[in-house]
$ cat model.cif   # mmCIF, C-alpha atoms and all ligand atoms
data_my_file
#
loop_
_atom_site.label_atom_id
_atom_site.label_comp_id
_atom_site.auth_asym_id
_atom_site.auth_seq_id
_atom_site.Cartn_x
_atom_site.Cartn_y
_atom_site.Cartn_z
CA MET A 202 28.29 -26.55 22.58
CA ALA A 203 27.24 -23.02 21.62
CA GLN A 204 23.72 -22.12 22.67
CA GLN A 205 21.26 -21.88 19.79
CA ILE A 206 19.11 -18.78 19.35
CA THR A 207 16.65 -18.25 16.54
CA LEU A 208 15.60 -14.79 15.39
CA ILE A 209 12.56 -13.94 13.30
CA GLY A 210 13.20 -10.91 11.08
CA GLY A 211 16.48 -9.76 9.55
CA GLY A 212 15.53 -6.07 9.42
CA LEU A 213 17.46 -3.34 11.21
CA VAL A 214 17.05 -4.62 14.75
CA GLY A 215 17.19 -8.35 13.93
CA ALA A 216 20.41 -8.04 11.93
CA LEU A 217 22.16 -5.93 14.59
CA LEU A 218 21.07 -8.25 17.41
CA ALA A 219 22.17 -11.30 15.43
CA GLN A 220 25.62 -9.77 14.86
CA GLN A 221 26.11 -9.10 18.55
CA LEU A 222 24.87 -12.51 19.69
CA ALA A 223 27.09 -14.34 17.20
CA GLY A 224 30.00 -12.18 18.35
CA ARG A 225 29.35 -13.45 21.88
CA GLY A 226 29.50 -17.09 20.85
CA PHE A 227 25.82 -17.93 20.26
CA LYS A 228 24.80 -20.07 17.28
CA VAL A 229 22.33 -17.76 15.55
CA ASP A 230 19.80 -18.53 12.80
CA VAL A 231 17.71 -15.70 11.36
CA PHE A 232 14.54 -16.33 9.34
CA GLU A 233 13.58 -13.38 7.15
CA LYS A 234 10.38 -13.16 5.14
CA ARG A 235 11.85 -11.14 2.28
CA PRO A 236 14.50 -12.23 -0.23
CA ASP A 237 18.12 -11.28 0.45
CA PRO A 238 18.23 -7.52 -0.36
CA ARG A 239 21.90 -7.82 -1.37
CA VAL A 240 20.82 -10.14 -4.19
CA ALA A 241 17.25 -9.15 -5.01
CA GLY A 242 17.52 -5.40 -4.27
CA PHE A 243 16.01 -3.81 -1.20
CA VAL A 244 12.23 -4.08 -0.99
CA GLY A 245 11.16 -1.07 1.06
CA GLY A 246 7.91 -1.08 2.92
CA ARG A 247 8.59 1.56 5.50
CA SER A 248 10.53 4.83 5.29
CA ILE A 249 13.27 5.11 2.66
CA ASN A 250 15.65 6.92 5.00
CA LEU A 251 15.81 7.41 8.75
CA ALA A 252 17.31 9.72 11.34
CA LEU A 253 20.05 7.99 13.32
CA ALA A 254 20.55 9.65 16.70
CA GLU A 255 23.04 9.30 19.53
CA ARG A 256 21.28 6.39 21.27
CA GLY A 257 21.36 4.33 18.06
CA LEU A 258 24.87 5.43 17.25
CA GLN A 259 26.02 4.37 20.69
CA ALA A 260 24.70 0.86 19.99
CA LEU A 261 26.48 0.80 16.62
CA ARG A 262 29.71 1.89 18.35
CA LYS A 263 29.42 -1.04 20.75
CA ALA A 264 28.92 -3.35 17.76
CA GLY A 265 31.98 -1.81 16.06
CA LEU A 266 29.93 -0.54 13.13
CA ALA A 267 29.47 3.19 13.78
CA ASP A 268 32.27 4.39 11.48
CA ASP A 269 31.05 2.26 8.57
CA VAL A 270 27.50 3.55 9.00
CA LEU A 271 28.53 7.22 9.33
CA GLN A 272 30.49 6.99 6.08
CA ARG A 273 27.12 6.34 4.38
CA ALA A 274 25.18 9.02 6.30
CA VAL A 275 24.44 12.73 5.89
CA MET A 276 24.84 14.94 8.96
CA MET A 277 21.76 16.97 9.96
CA ARG A 278 22.59 19.92 12.22
CA GLY A 279 19.04 20.95 13.04
CA ARG A 280 15.54 21.53 11.76
CA MET A 281 15.24 23.77 8.73
CA VAL A 282 11.74 25.20 9.02
CA HIS A 283 9.99 26.41 5.86
CA THR A 284 7.10 28.84 6.25
CA ARG A 285 4.19 29.11 3.82
CA ASP A 286 5.53 32.41 2.47
CA GLY A 287 8.77 30.72 1.40
CA ARG A 288 11.09 31.82 4.21
CA SER A 289 13.29 29.29 6.02
CA GLY A 290 15.52 29.16 9.06
CA LEU A 291 17.65 26.56 10.83
CA LEU A 292 16.90 25.62 14.45
CA ARG A 293 20.12 23.88 15.51
CA TYR A 294 20.01 20.79 17.73
CA GLY A 295 23.06 21.94 19.70
CA VAL A 296 25.70 24.62 19.87
CA ASP A 297 28.08 22.79 17.56
CA ASP A 298 28.46 19.63 15.45
CA SER A 299 28.84 17.43 18.52
CA GLU A 300 25.03 17.48 18.81
CA VAL A 301 23.69 16.38 15.44
CA ILE A 302 21.67 13.54 13.96
CA TRP A 303 22.33 11.58 10.76
CA SER A 304 20.22 10.63 7.77
CA VAL A 305 20.81 7.04 6.65
CA SER A 306 19.27 4.91 3.91
CA ARG A 307 17.23 2.06 5.39
CA GLY A 308 18.27 -0.27 2.56
CA ALA A 309 22.00 0.54 2.75
CA LEU A 310 21.98 0.26 6.54
CA ASN A 311 20.14 -3.05 6.48
CA MET A 312 22.60 -4.50 3.97
CA LEU A 313 25.60 -3.29 5.99
CA LEU A 314 24.15 -4.95 9.10
CA LEU A 315 23.44 -8.21 7.23
CA ASP A 316 27.05 -8.29 5.99
CA ALA A 317 28.34 -7.65 9.51
CA ALA A 318 26.12 -10.35 11.00
CA GLU A 319 27.14 -12.89 8.39
CA ALA A 320 30.80 -12.05 8.99
CA ALA A 321 30.20 -12.77 12.69
CA GLY A 322 28.86 -16.25 11.80
CA VAL A 323 25.07 -15.72 11.64
CA ARG A 324 23.13 -18.02 9.29
CA PHE A 325 20.37 -16.19 7.39
CA HIS A 326 17.42 -18.00 5.80
CA PHE A 327 15.77 -15.55 3.39
CA GLY A 328 12.32 -15.92 1.88
CA GLN A 329 11.15 -17.76 5.02
CA SER A 330 8.14 -16.42 6.95
CA LEU A 331 7.25 -17.47 10.43
CA THR A 332 3.72 -18.84 10.15
CA GLY A 333 3.30 -20.71 13.43
CA ALA A 334 4.98 -21.66 16.69
CA ASP A 335 4.68 -24.50 19.20
CA PHE A 336 6.34 -22.90 22.21
CA ASP A 337 5.79 -25.92 24.48
CA GLY A 338 7.35 -28.25 21.91
CA GLY A 339 10.25 -25.87 21.11
CA ARG A 340 9.37 -25.72 17.41
CA ILE A 341 8.49 -22.99 14.90
CA GLN A 342 6.82 -23.24 11.51
CA LEU A 343 8.17 -21.48 8.43
CA THR A 344 6.68 -21.01 4.98
CA ASP A 345 8.68 -20.12 1.89
CA GLU A 346 7.66 -18.12 -1.21
CA HIS A 347 6.40 -21.34 -2.88
CA ASP A 348 4.09 -22.00 0.09
CA GLN A 349 6.24 -24.90 1.26
CA THR A 350 6.06 -25.26 5.01
CA ARG A 351 8.65 -26.76 7.32
CA ASP A 352 9.32 -27.07 11.04
CA PHE A 353 12.47 -25.89 12.78
CA ASP A 354 13.40 -26.98 16.29
CA THR A 355 14.60 -24.22 18.57
CA PRO A 356 14.48 -23.88 22.34
CA VAL A 357 14.57 -20.06 22.19
CA VAL A 358 13.04 -17.73 19.62
CA ILE A 359 13.30 -13.93 19.49
CA GLY A 360 10.92 -11.85 17.38
CA ALA A 361 12.46 -8.89 15.56
CA ASP A 362 9.75 -9.08 12.93
CA GLY A 363 8.46 -5.56 13.23
CA ALA A 364 5.22 -3.81 14.16
CA GLY A 365 3.00 -6.50 12.60
CA SER A 366 5.01 -9.29 14.27
CA ALA A 367 3.82 -12.82 13.45
CA LEU A 368 5.73 -14.14 16.46
CA ARG A 369 3.84 -11.71 18.70
CA ALA A 370 0.54 -13.01 17.29
CA ALA A 371 1.62 -16.61 17.98
CA MET A 372 2.76 -15.74 21.52
CA ASN A 373 -0.48 -13.84 22.16
CA ALA A 374 -2.50 -16.88 21.03
CA HIS A 375 -0.56 -19.04 23.52
CA THR A 376 -0.71 -16.60 26.46
CA PRO A 377 -2.32 -13.16 26.16
CA LEU A 378 0.36 -10.45 26.15
CA GLY A 379 -1.93 -7.56 27.12
CA GLU A 380 -1.66 -5.98 23.68
CA ARG A 381 -3.04 -2.52 22.92
CA VAL A 382 -2.58 -0.78 19.59
CA GLU A 383 -3.42 2.94 19.44
CA PRO A 384 -3.76 4.22 15.87
CA LEU A 385 -2.56 7.82 15.45
CA GLY A 386 -5.28 8.66 12.95
CA HIS A 387 -2.66 10.30 10.73
CA ALA A 388 -0.90 8.53 7.88
CA TYR A 389 2.04 9.21 5.55
CA LYS A 390 3.17 9.10 1.95
CA GLU A 391 6.72 9.40 0.58
CA LEU A 392 7.76 11.55 -2.38
CA GLU A 393 11.19 12.39 -3.83
CA ILE A 394 13.23 15.51 -4.52
CA PRO A 395 15.87 14.34 -7.03
CA PRO A 396 19.50 15.52 -6.98
CA ALA A 397 19.88 19.10 -8.14
CA GLY A 398 21.14 17.98 -11.58
CA GLY A 399 17.65 16.70 -12.33
CA LEU A 400 16.01 20.08 -11.65
CA SER A 401 16.01 23.30 -13.58
CA ALA A 402 18.72 25.73 -12.42
CA ALA A 403 16.09 28.32 -11.50
CA LEU A 404 14.75 26.05 -8.75
CA VAL A 405 18.05 25.27 -7.13
CA GLY A 406 19.61 27.84 -4.87
CA GLN A 407 18.71 26.92 -1.33
CA SER A 408 21.47 24.35 -0.89
CA GLY A 409 23.99 26.64 0.77
CA GLY A 410 26.67 25.92 -1.84
CA HIS A 411 26.15 22.14 -1.94
CA ASP A 412 25.56 21.97 -5.69
CA GLN A 413 24.46 18.36 -5.76
CA PHE A 414 21.44 19.09 -3.49
CA ALA A 415 18.33 21.17 -4.19
CA LEU A 416 18.08 22.21 -0.50
CA GLU A 417 20.56 22.61 2.35
CA PRO A 418 21.71 18.99 2.85
CA HIS A 419 22.76 19.23 6.50
CA ALA A 420 19.28 19.69 7.92
CA LEU A 421 16.03 17.91 8.57
CA HIS A 422 13.57 20.04 6.60
CA ILE A 423 10.07 20.69 7.94
CA TRP A 424 7.14 22.44 6.30
CA PRO A 425 4.83 22.73 9.36
CA ARG A 426 1.24 23.63 8.58
CA GLY A 427 -0.71 23.11 11.79
CA GLY A 428 -2.75 19.91 11.40
CA TYR A 429 -0.33 18.35 8.91
CA MET A 430 3.22 18.76 7.59
CA CYS A 431 5.91 17.63 5.18
CA ILE A 432 9.44 16.71 6.19
CA ALA A 433 12.48 15.92 4.01
CA LEU A 434 15.68 14.05 4.88
CA PRO A 435 18.78 14.12 2.65
CA ASN A 436 20.27 11.09 0.89
CA THR A 437 23.99 10.76 0.16
CA GLU A 438 23.59 10.91 -3.62
CA GLY A 439 21.89 14.33 -3.52
CA SER A 440 18.20 13.48 -3.36
CA PHE A 441 15.78 14.04 -0.46
CA THR A 442 13.01 11.75 0.71
CA VAL A 443 9.93 13.84 1.45
CA THR A 444 7.22 12.52 3.77
CA LEU A 445 3.75 14.04 3.85
CA PHE A 446 1.93 13.47 7.16
CA LEU A 447 -1.81 14.07 7.01
CA PRO A 448 -5.01 12.85 8.73
CA ALA A 449 -5.87 9.43 7.28
CA HIS A 450 -9.60 10.08 7.09
CA GLY A 451 -12.12 12.82 7.54
CA PRO A 452 -12.65 16.34 6.25
CA HIS A 453 -10.23 18.16 3.98
CA PRO A 454 -7.30 17.89 4.06
CA SER A 455 -6.95 14.14 4.58
CA PHE A 456 -5.84 11.20 2.47
CA ASP A 457 -9.58 10.59 1.92
CA THR A 458 -9.98 13.98 0.24
CA LEU A 459 -6.58 13.78 -1.51
CA PRO A 460 -6.73 10.23 -2.91
CA ASP A 461 -4.58 10.87 -5.98
CA ALA A 462 -2.11 13.31 -7.52
CA ALA A 463 -4.82 15.07 -9.50
CA ALA A 464 -6.53 16.01 -6.23
CA ALA A 465 -3.31 16.62 -4.27
CA ARG A 466 -1.43 18.87 -6.71
CA GLY A 467 -3.55 21.98 -6.02
CA PHE A 468 -3.31 21.40 -2.26
CA PHE A 469 0.48 21.10 -2.50
CA GLY A 470 0.70 24.20 -4.65
CA ASP A 471 -1.22 26.19 -2.00
CA GLU A 472 0.36 24.74 1.13
CA PHE A 473 3.90 23.88 0.05
CA PRO A 474 4.52 26.27 -2.87
CA ASP A 475 8.32 26.14 -2.56
CA LEU A 476 8.36 22.34 -2.25
CA LEU A 477 6.10 21.25 -5.11
CA PRO A 478 8.43 22.46 -7.92
CA LEU A 479 11.27 20.41 -6.38
CA ILE A 480 9.28 17.16 -6.91
CA PRO A 481 9.20 16.78 -10.71
CA ASP A 482 7.66 13.28 -10.53
CA PHE A 483 4.94 14.40 -8.14
CA ALA A 484 2.11 12.64 -9.98
CA ALA A 485 3.97 9.35 -10.39
CA ASP A 486 5.25 9.39 -6.78
CA TYR A 487 1.89 10.32 -5.29
CA ASP A 488 -0.07 7.78 -7.29
CA SER A 489 2.32 4.85 -6.93
CA HIS A 490 3.54 5.22 -3.33
CA PRO A 491 1.31 3.69 -0.67
CA VAL A 492 -0.29 5.50 2.24
CA GLY A 493 1.37 4.14 5.40
CA THR A 494 -0.52 3.97 8.69
CA LEU A 495 0.98 4.90 12.07
CA SER A 496 0.24 3.42 15.52
CA THR A 497 1.71 3.00 18.96
CA LEU A 498 1.95 -0.55 20.33
CA TYR A 499 1.76 -1.19 24.07
CA LEU A 500 2.32 -4.68 25.52
CA GLN A 501 2.15 -5.80 29.12
CA ARG A 502 4.38 -8.83 28.46
CA TRP A 503 7.27 -8.98 26.03
CA HIS A 504 8.19 -12.65 26.65
CA LEU A 505 6.89 -16.17 27.29
CA GLY A 506 9.11 -17.33 30.13
CA GLY A 507 12.52 -18.12 28.65
CA ARG A 508 11.16 -19.49 25.37
CA ALA A 509 10.18 -16.42 23.36
CA LEU A 510 10.91 -12.69 23.46
CA LEU A 511 10.00 -9.65 21.37
CA VAL A 512 12.42 -6.80 20.57
CA GLY A 513 12.36 -3.61 18.49
CA ASP A 514 9.09 -2.65 16.83
CA ALA A 515 7.64 -6.10 17.54
CA ALA A 516 7.65 -5.14 21.25
CA HIS A 517 7.20 -1.36 21.14
CA ALA A 518 6.33 0.18 17.76
CA ILE A 519 5.97 3.97 18.05
CA VAL A 520 5.02 6.85 15.79
CA PRO A 521 8.07 8.25 13.94
CA PHE A 522 8.05 11.90 15.08
CA HIS A 523 10.99 11.66 17.41
CA GLY A 524 12.93 9.62 14.85
CA GLN A 525 13.64 7.11 17.61
CA GLY A 526 12.01 3.76 16.70
CA MET A 527 15.13 2.24 15.17
CA ASN A 528 17.35 4.00 17.68
CA CYS A 529 15.37 2.51 20.55
CA GLY A 530 15.46 -0.93 18.90
CA PHE A 531 19.24 -0.64 18.53
CA GLU A 532 19.51 0.08 22.26
CA ASP A 533 17.47 -3.08 22.90
CA THR A 534 20.09 -5.16 21.10
CA VAL A 535 22.97 -3.96 23.27
CA VAL A 536 21.11 -4.57 26.52
CA LEU A 537 19.84 -8.00 25.47
CA ALA A 538 23.17 -9.25 24.09
CA ALA A 539 24.94 -8.23 27.33
CA LEU A 540 22.31 -9.89 29.55
CA LEU A 541 22.32 -13.10 27.51
CA ALA A 542 26.11 -13.27 27.53
CA GLU A 543 26.07 -13.05 31.33
CA ALA A 544 23.49 -15.79 31.85
CA PRO A 545 23.08 -17.79 28.62
CA ASP A 546 21.34 -20.68 30.38
CA ASP A 547 18.78 -18.58 32.24
CA THR A 548 16.76 -17.04 29.43
CA ALA A 549 13.64 -16.76 31.61
CA GLU A 550 15.44 -14.41 34.01
CA VAL A 551 17.26 -12.61 31.18
CA PHE A 552 14.05 -11.92 29.26
CA ALA A 553 12.26 -10.69 32.39
CA GLU A 554 15.21 -8.43 33.24
CA PHE A 555 15.35 -7.17 29.67
CA GLN A 556 11.71 -6.08 29.84
CA ARG A 557 12.27 -4.51 33.29
CA ILE A 558 15.14 -2.44 31.94
CA ARG A 559 13.79 -1.51 28.51
CA GLN A 560 10.05 -1.02 28.93
CA PRO A 561 10.22 2.25 30.92
CA ASN A 562 12.49 3.64 28.21
CA SER A 563 10.30 2.56 25.33
CA ASP A 564 7.18 3.88 27.11
CA ALA A 565 8.88 7.25 27.60
CA ILE A 566 9.96 7.42 23.95
CA ALA A 567 6.46 6.46 22.79
CA ALA A 568 4.99 9.38 24.75
CA MET A 569 7.68 11.81 23.54
CA ALA A 570 7.12 10.74 19.92
CA LEU A 571 3.40 11.49 20.17
CA GLU A 572 4.10 14.90 21.77
CA ASN A 573 6.67 15.73 19.13
CA TYR A 574 4.13 15.37 16.32
CA VAL A 575 2.21 18.29 17.76
CA GLU A 576 5.45 20.20 18.32
CA MET A 577 6.66 19.62 14.77
CA ARG A 578 3.48 20.43 12.90
CA ASP A 579 2.11 23.16 15.20
CA SER A 580 4.69 24.89 17.38
CA VAL A 581 7.36 25.35 14.78
CA ALA A 582 4.63 26.72 12.52
CA ASP A 583 4.48 29.74 14.81
CA PRO A 584 4.52 32.59 12.27
CA HIS A 585 6.90 34.56 14.45
CA PHE A 586 9.45 31.80 14.89
CA LEU A 587 11.98 33.28 12.46
CA ALA A 588 11.89 36.62 14.25
CA LYS A 589 12.19 34.88 17.63
CA ARG A 590 15.12 32.88 16.34
CA GLU A 591 16.89 35.99 15.14
CA LEU A 592 16.36 37.54 18.60
CA GLY A 593 17.91 34.44 20.18
CA LEU A 594 14.65 33.41 21.84
CA LEU A 595 14.64 29.93 20.22
P1 LIG B 601 11.37 -3.73 10.85
O1 LIG B 601 12.29 -2.71 10.32
O2 LIG B 601 9.92 -3.63 10.52
O3 LIG B 601 11.92 -5.15 10.35
C1 LIG B 601 11.18 -6.33 10.55
C2 LIG B 601 11.75 -7.41 9.65
O4 LIG B 601 11.04 -8.62 9.90
C3 LIG B 601 11.57 -7.10 8.16
O5 LIG B 601 12.77 -7.36 7.47
C4 LIG B 601 10.45 -8.03 7.73
O6 LIG B 601 10.54 -8.42 6.38
C5 LIG B 601 10.65 -9.21 8.67
N1 LIG B 601 9.44 -9.97 8.92
C6 LIG B 601 8.18 -9.50 9.11
N2 LIG B 601 7.32 -10.53 9.31
C7 LIG B 601 8.06 -11.67 9.25
C8 LIG B 601 7.73 -13.06 9.38
N3 LIG B 601 6.47 -13.49 9.60
N4 LIG B 601 8.73 -13.97 9.26
C9 LIG B 601 10.01 -13.56 9.03
N5 LIG B 601 10.37 -12.26 8.89
C10 LIG B 601 9.41 -11.32 9.01
N6 LIG B 601 13.12 5.26 13.42
C11 LIG B 601 14.21 6.00 13.70
O7 LIG B 601 14.97 5.66 14.62
N7 LIG B 601 14.47 7.16 13.03
C12 LIG B 601 13.65 7.62 12.04
O8 LIG B 601 13.90 8.66 11.45
C13 LIG B 601 12.49 6.85 11.72
N8 LIG B 601 11.66 7.26 10.75
C14 LIG B 601 10.56 6.52 10.45
C15 LIG B 601 9.68 6.98 9.48
C16 LIG B 601 8.55 6.26 9.18
C17 LIG B 601 7.61 6.78 8.13
C18 LIG B 601 8.28 5.04 9.86
C19 LIG B 601 7.05 4.23 9.54
C20 LIG B 601 9.15 4.58 10.83
C21 LIG B 601 10.30 5.31 11.15
N9 LIG B 601 11.19 4.89 12.14
C22 LIG B 601 12.27 5.64 12.45
C23 LIG B 601 10.95 3.66 12.89
C24 LIG B 601 11.75 2.49 12.32
O9 LIG B 601 11.39 2.30 10.97
C25 LIG B 601 11.48 1.23 13.11
O10 LIG B 601 11.56 1.46 14.48
C26 LIG B 601 12.50 0.15 12.73
O11 LIG B 601 12.38 -0.19 11.37
C27 LIG B 601 12.27 -1.10 13.58
O12 LIG B 601 13.14 -2.10 13.17
P2 LIG B 601 12.73 -3.61 13.37
O13 LIG B 601 13.88 -4.39 12.85
O14 LIG B 601 12.25 -3.84 14.76
O15 LIG B 601 11.45 -3.82 12.44
#

$ encode --input "model.cif" --output "structure tokens" --more "lines below"
Ligand code: FAD
Amino acid sequence: MAQQITLIGGGLVGALLAQQLAGRGFKVDVFEKRPDPRVAGFVGGRSINLALAERGLQALRKAGLADDVLQRAVMMRGRMVHTRDGRSGLLRYGVDDSEVIWSVSRGALNMLLLDAAEAAGVRFHFGQSLTGADFDGGRIQLTDEHDQTRDFDTPVVIGADGAGSALRAAMNAHTPLGERVEPLGHAYKELEIPPAGGLSAALVGQSGGHDQFALEPHALHIWPRGGYMCIALPNTEGSFTVTLFLPAHGPHPSFDTLPDAAAARGFFGDEFPDLLPLIPDFAADYDSHPVGTLSTLYLQRWHLGGRALLVGDAAHAIVPFHGQGMNCGFEDTVVLAALLAEAPDDTAEVFAEFQRIRQPNSDAIAAMALENYVEMRDSVADPHFLAKRELGLL
């Protein structure tokens, strides 16, 4: 009989892991808190689009999904840096298009992965939140949107339920995991540049001949300003998702001192004068989109023997400045699926080996992501960077 594995969370990492485990003969059930996004529409929460890099792409190749994902992605050749005086220049990631990253929609990617997992035989249970776990009894507790609770028997449960993982909390209550959460102190808010058709012709002209886009589409745009910054990633239909990163609290400028669009408009006009006119719904976006917090999660233990394991953000949430959280989670899925396929009956050893292999990598990426925030908002703000670039020094 096929071995049963239960996953909590059908987000990016959960859906990809489920697809690979089902493809290797496991009987996989996934409990996801939200409704099915393919029916109810995607309910965001975190970033609208993400940078997919080689390590994530490699995992998608192994799962046979890379081509499908790339068809829905926009290539980004480098960082397009925008100075305060309105100049811009591209810092390429590599010498040619073999070294690029890709902008993908979180919702579209999640739905593609859910389809692929279902096609591989995974059973999804949407609208079901994990609300408790009896690890010794091999049972989890789930609660639906009507507050109806039920038990589900499972010998093995894997948490892919994100940075605020409920499974992690249940595991930690059973046996302390050595959890440490380090808040960054900076937070973010998302805004939107619509496709060029929605903007006046006078504002469009930086798209390098890509008429549908208001800016060059094949770049990750950065407006570095020292202690804070904006970035923008392209979407396939011609829009860009802009993210403002700013101190959460404290003296100006912070989200405390810029609580609403009325307060933020003047700041944007001064700091990002070329960007503000490209966001026609600035007031509505600023006032209706939440401020998201950012932290790094460190755990000493990712598993309870062979009964429960954490993967993706549930095990190692990081700040987003290397664009590697999802990519790192995708790598987790490949390693774990291969280990489990080799020794399906020895989950205790598999989970321990998984942590041994993956934790040094996730620790390294966590450190690089923190360093890259300083690099992105400070170093590339060097007023002489355009001149240095032209001289071939960058
Ligand atoms: P999540 O995506 O958080 O998914 C968790 C899933 O579990 C969700 O579907 C949720 O509904 C479900 N769930 C939660 N609780 C329960 C429960 N109790 N019961 C059942 N289900 C539950 N990464 C990149 O690689 N590139 C980027 O460019 C990038 N940009 C980012 C920008 C921002 C602003 C942020 C915040 C993050 C960014 N990341 C990026 C990181 C990336 O979003 C995460 O690493 C990735 O989403 C982790 O996937 P996951 O499946 O582990 O968790």

$ closest_residue --input "model.cif" --among "A:His504, A:His422, A:Lys390, A:Arg225" --to "ligand LIG 601 (chain B)" --atoms "all atoms listed in the file"
A:Lys390

$ residues_around --input "model.cif" --residues "Leu445 of chain A" --least-positions-apart "5" --cutoff "7 Å" --atoms "only C-alpha atoms" --output "list of chain:residue names"
A:Tyr389, A:Lys390, A:Glu391, A:Met430, A:Cys431, A:Ile432

$ closest_residue --input "model.cif" --among "A:Gln413, A:Asn250, A:Thr497, A:Gln556" --to "ligand LIG 601 (chain B)" --atoms "only C-alpha atoms and all ligand atoms"
A:Asn250

$ closest_residue --input "model.cif" --among "A:Gly226, A:Gly363, A:Gly338, A:Pro395" --to "ligand LIG 601 (chain B)" --atoms "only C-alpha atoms and all ligand atoms"
A:Gly363

$ residues_near_point --input "model.cif" --point "(11.7, -17.5, 9.0)" --cutoff "7 Å" --atoms "all atoms listed in the file" --output "list in words"
Ile209, Val231, Phe232, Glu233, Lys234, His326, Gln329, Ser330, Leu331 and Leu343 of chain A

$ residues_near_ligand --input "model.cif" --ligand "ligand LIG 601 (chain B)" --cutoff "8 Å" --atoms "all atoms listed in the file" --output "PyMOL selection string"
chain A and resi 209-216+232-235+247-254+257+304+328-332+343+361-368+389-390+444+493-495+512-515+518-530

$ closest_residue --input "model.cif" --among "A:Asp486, A:Glu554, A:Asp335, A:Asp579" --to "Ala509 of chain A" --atoms "all atoms listed in the file"
A:Asp335

$ atom_distance --input "model.cif" --atom1 "atom CA of Ile341 of chain A" --atom2 "atom CA of Asp354 of chain A"
6.5 Å

$ atom_distance --input "model.cif" --atom1 "atom CA of Ala420 of chain A" --atom2 "atom CA of Leu217 of chain A"
26.6 Å

$ closest_atom_pairs --input "model.cif" --of "segment 428-512 of chain A" --to "segment 288-291 of chain A" --cutoff "12 Å" --atoms "all atoms listed in the file" --output "JSON lines"
{"residue": "A:Phe473", "atom": "CA", "partner": "A:Arg288", "partner_atom": "CA", "distance": 11.5}
{"residue": "A:Pro474", "atom": "CA", "partner": "A:Arg288", "partner_atom": "CA", "distance": 11.1}
{"residue": "A:Asp475", "atom": "CA", "partner": "A:Arg288", "partner_atom": "CA", "distance": 9.3}
{"residue": "A:Leu476", "atom": "CA", "partner": "A:Arg288", "partner_atom": "CA", "distance": 11.8}

$ closest_atom_pairs --input "model.cif" --of "segment 544-573 of chain A" --to "segment 369-384 of chain A" --cutoff "12 Å" --atoms "only C-alpha atoms" --output "JSON lines"
{"residue": "A:Ala567", "atom": "CA", "partner": "A:Glu383", "partner_atom": "CA", "distance": 11.0}
{"residue": "A:Ala568", "atom": "CA", "partner": "A:Glu383", "partner_atom": "CA", "distance": 11.8}
{"residue": "A:Leu571", "atom": "CA", "partner": "A:Glu383", "partner_atom": "CA", "distance": 11.0}

$ closest_residue --input "model.cif" --among "A:Thr355, A:Asn573, A:Thr284, A:Thr534" --to "Arg426 of chain A" --atoms "all atoms listed in the file"
A:Thr284

$ closest_residue --input "model.cif" --among "A:Thr458, A:Gly428, A:Thr437, A:Asp547" --to "Pro396 of chain A" --atoms "all atoms listed in the file"
A:Thr437

$ atom_distance --input "model.cif" --atom1 "atom CA of His283 of chain A" --atom2 "atom CA of Ala465 of chain A"
19.4 Å

$ residues_around --input "model.cif" --residues "Ala485 of chain A" --least-positions-apart "6" --cutoff "12 Å" --atoms "only C-alpha atoms" --output "mmCIF file with C-alpha atoms, in the frame of the given file"
data_model
loop_
_atom_site.group_PDB
_atom_site.id
_atom_site.type_symbol
_atom_site.label_atom_id
_atom_site.label_comp_id
_atom_site.auth_asym_id
_atom_site.auth_seq_id
_atom_site.Cartn_x
_atom_site.Cartn_y
_atom_site.Cartn_z
ATOM 1 C CA GLU A 391 6.720 9.400 0.580
ATOM 2 C CA LEU A 392 7.760 11.550 -2.380
ATOM 3 C CA GLU A 393 11.190 12.390 -3.830
ATOM 4 C CA ASP A 461 -4.580 10.870 -5.980
ATOM 5 C CA ALA A 462 -2.110 13.310 -7.520
ATOM 6 C CA ALA A 463 -4.820 15.070 -9.500
ATOM 7 C CA ALA A 465 -3.310 16.620 -4.270
ATOM 8 C CA ARG A 466 -1.430 18.870 -6.710
ATOM 9 C CA PRO A 491 1.310 3.690 -0.670
#

$ residues_around --input "model.cif" --residues "Leu310 of chain A" --least-positions-apart "5" --cutoff "9 Å" --atoms "all atoms listed in the file" --output "VMD selection string"
chain A and resid 213 270 273 305 315

$ write_last_selection --input "model.cif" --atoms "C-alpha atoms" --output "CSV table (one decimal), keeping the file's coordinate frame"
chain,number,residue,atom,x,y,z
A,213,LEU,CA,17.5,-3.3,11.2
A,270,VAL,CA,27.5,3.6,9.0
A,273,ARG,CA,27.1,6.3,4.4
A,305,VAL,CA,20.8,7.0,6.6
A,315,LEU,CA,23.4,-8.2,7.2
